[in-house]
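What follows is a set of notes on a single structure, which appears directly below.
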Amino acid sequence: MCPTCGHAQGWRLGDGRLECPRCGTRTPLTAGTIFDRTRTPLTVWFDAGWLFASGKDGISALSLKRTLGIGSYQTAWAMLHRLRSVLVRPGRDRLSGIVEVGETYIGGEEPGLRGGRARGRKVLTGIAVEVREPEGVGRCRMAPLADGSAASLRAFAADHVEPGATVITDAWQGYHGLDGLGYVHDRRGQRAARARGDGPGELLPAVHRVAALVKRWLLGTHQGSVDEAHLPAYLDEFVFRFNRRGSRSRGLVLYRVLELAVGHEPVRYHELIATRRPLAVKPTPPQARGHPPSLERPAARRPWRKA
Ligand SMILES: [Zn+2]
């Protein structure tokens with residue numbers, strides 16, 4: 001549909017764009033999606049989406065650059081962050097049933113870094129995990145918290161857990177008042193855990209398991225090189241993959257990622273970078289560089305595919 005006049009038909013032009021027969025506006029098919037105005041061919045995007053969605057642990061920007069032969073680390077890094085930015089659908093369902101809610105510190109551990117370089121700050125992160133009866137773990141949600149105060153923890157619970165759910169927490173005072181938000185609050189004290197013969201780590205077993213998995217993933221796939229500003233995006237990626245770990249088909253996970261990507265508004269590079277340093281060389285304005293490559297691309301040079 002024409003973005004200018006709303007006409008629902010168009011002529012296909014030689015460069016892959018569509019021209020509106022009524023008002024003459026020329027629009028690429030990727031307009032209004034996260035693929036808008038990127039110079040990466042869609043075939044490469046699909047490959048990247050597959051590596052992102054199909055791997056058990058996803059892929060790091062460096063591996064993506066090497067695997068697909070992408071020209072720069074920044075391009076590969078921005079592609080992965082664009083994919084991460086679409087994963088949280090506004091108005092998605094909240095967790096329900098029996099939900100463990102806890103918090104943990106994530107990040108700040110950079111093995112091999114010693115001496116002068118400042119260590120990353122650990123970020124307090126809220127974790128909510130559905131507990132299945134009689135055993136097992138359902139979906140999870142994670143988000144950074146400003147602090148461990150009652151205001152932060154209540155806001156986290158309200159954002160991620162459906163009212164009416166049974167919320168299990170430890171005895172920390174920050175969790176006082178959850179009953180008032182419409183939850184059945186099950187507070188577990190250290191003393192009660194010890195009486196059952198459990199160690200303190202067994203107080204919230206599902207939360208501890210998810211916290212251990214996300215920390216291992218950040219250290220393994222991303223070598224712990226996750227800064228505070230981008231941590232929420234990495235948490236979204238972990239949650240997306242964790243909640244689809246039982247999916248029959250990896251192809252369906254890729255389909256979902258692409259569906260979300262097409263439905264998501266464009267994400268610009270400057271929105272992805274955390275700090276904006278003034279550029280030494282002024283960039284050429286996009287208009288002066290001609291149009292981005294069309295969708296009609298010659299086949300990628302991959303001779304092994306023909307064999
Ligand atoms: Zn038009």
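Chain labels A, B, ... are given in the sequence in which chains occur in the structure tokens; within each chain residues are numbered consecutively from 1, and ligands are likewise numbered from 1 in the order shown.
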query: Within 8 Å of ligand 1, counting only C-alpha atoms and all ligand atoms: which residues, as an MDAnalysis selection string?
result: chainID A and resid 1:7 19:25
task: Determine which residues of range 6-220 of chain A receive a DSSP assignment of helix (DSSP H, G or I), computed from the backbone, and state them as JSON, numbers by chain.
output: {"A": [42, 43, 44, 45, 46, 47, 48, 49, 50, 51, 52, 53, 54, 61, 62, 63, 64, 65, 66, 67, 68, 73, 74, 75, 76, 77, 78, 79, 80, 81, 82, 83, 84, 85, 150, 151, 152, 153, 154, 155, 156, 157, 158, 159, 160, 173, 174, 175, 179, 180, 181, 190, 191, 192, 193, 194, 195, 200, 201, 202, 205, 206, 207, 208, 209, 210, 211, 212, 213, 214, 215, 216, 217, 218, 219, 220]}
Near range 208-232 of chain A, 12 Å: range 86-109 of chain A residue rows, closest pairs, only C-alpha atoms, as CSV:
```
residue,atom,partner,partner_atom,distance
A:Leu87,CA,A:Pro232,CA,11.4
A:Val88,CA,A:Pro232,CA,10.8
A:Glu100,CA,A:His208,CA,9.9
A:Val101,CA,A:His208,CA,10.2
A:Gly102,CA,A:His208,CA,8.5
A:Glu103,CA,A:Ala211,CA,8.6
A:Thr104,CA,A:Ala211,CA,7.0
A:Tyr105,CA,A:Ala211,CA,8.9
A:Ile106,CA,A:Lys215,CA,6.8
A:Gly107,CA,A:Gly224,CA,6.9
A:Gly108,CA,A:Gly224,CA,8.0
A:Glu109,CA,A:Gly224,CA,6.6
```
Could you please take those selected residues and save C-alpha atoms as a PDB file, in the first residue's frame?
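Listing of again-v7.pdb after writing:
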```
ATOM      1  CA  LEU A  87      11.726  -9.647  19.999  1.00  0.00           C
ATOM      2  CA  VAL A  88       9.506  -8.032  22.626  1.00  0.00           C
ATOM      3  CA  GLU A 100       8.965 -17.474  41.235  1.00  0.00           C
ATOM      4  CA  VAL A 101      10.250 -13.892  41.387  1.00  0.00           C
ATOM      5  CA  GLY A 102      13.802 -13.064  42.424  1.00  0.00           C
ATOM      6  CA  GLU A 103      16.697 -10.821  41.559  1.00  0.00           C
ATOM      7  CA  THR A 104      20.380 -11.309  40.778  1.00  0.00           C
ATOM      8  CA  TYR A 105      23.411  -9.279  39.715  1.00  0.00           C
ATOM      9  CA  ILE A 106      24.435  -9.752  36.086  1.00  0.00           C
ATOM     10  CA  GLY A 107      27.498  -8.504  34.232  1.00  0.00           C
ATOM     11  CA  GLY A 108      30.608  -6.860  35.530  1.00  0.00           C
ATOM     12  CA  GLU A 109      32.580 -10.083  35.237  1.00  0.00           C
TER      13      GLU A 109
END
```
message: Taking 3 positions as the minimum chain separation for residues in the same chain, which residues sit within 7 Å of Arg187 in chain A when counting only C-alpha atoms? Answer as a list in words.
response: Ile168, Thr169, Asp170 and Ala171 of chain A
Prev. selection, N, CA, C and O atoms, output as a compact mmCIF listing (two decimals), in the first residue's frame:
```txt
# COMPACT_ATOMS: atom_id res chain seq x y z
N ILE A 168 5.97 -16.59 44.27
CA ILE A 168 6.85 -17.09 45.30
C ILE A 168 8.09 -16.21 45.35
O ILE A 168 8.73 -15.97 44.32
N THR A 169 8.42 -15.66 46.51
CA THR A 169 9.63 -14.86 46.65
C THR A 169 10.36 -15.30 47.91
O THR A 169 9.85 -16.11 48.68
N ASP A 170 11.57 -14.74 48.11
CA ASP A 170 12.22 -14.95 49.40
C ASP A 170 11.66 -13.93 50.39
O ASP A 170 10.72 -13.19 50.09
N ALA A 171 12.26 -13.87 51.57
CA ALA A 171 11.66 -13.07 52.64
C ALA A 171 12.11 -11.60 52.62
O ALA A 171 11.81 -10.84 53.53
```
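CA of Leu83 in chain A is positioned 8.8 Å from CA of Glu237 in chain A.
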Which residues of range 233-284 of chain A sit at most 6 Å from range 50-67 of chain A, using only C-alpha atoms? Give each one's shortest atom pair and distance in Å (one decimal place), in chain and ascending residue order, as a Markdown table.
```
| residue | atom | partner | partner_atom | distance |
| --- | --- | --- | --- | --- |
| A:Arg250 | CA | A:Ser54 | CA | 5.2 |
| A:Val253 | CA | A:Ala53 | CA | 5.9 |
| A:Leu254 | CA | A:Ala53 | CA | 5.2 |
```
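When only C-alpha atoms are used to measure the gap to Ala274 in chain A, the shortest distance among A:Ile70, A:Ala233, A:Leu80, A:Val167 belongs to A:Ala233.
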message: Applying 12 Å and only C-alpha atoms, which residues near Ala128 in chain A remain after dropping the ones on its own chain fewer than 6 positions away? List them as a ChimeraX atom specification.
response: /A:94-104,137-144,153,156-162,165-169,204-211,239
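Ranking A:Leu42, A:Ala261, A:Ile127, A:Ala78 by their shortest atom-to-atom distance to Phe238 in chain A, with only C-alpha atoms included, puts A:Ile127 first.
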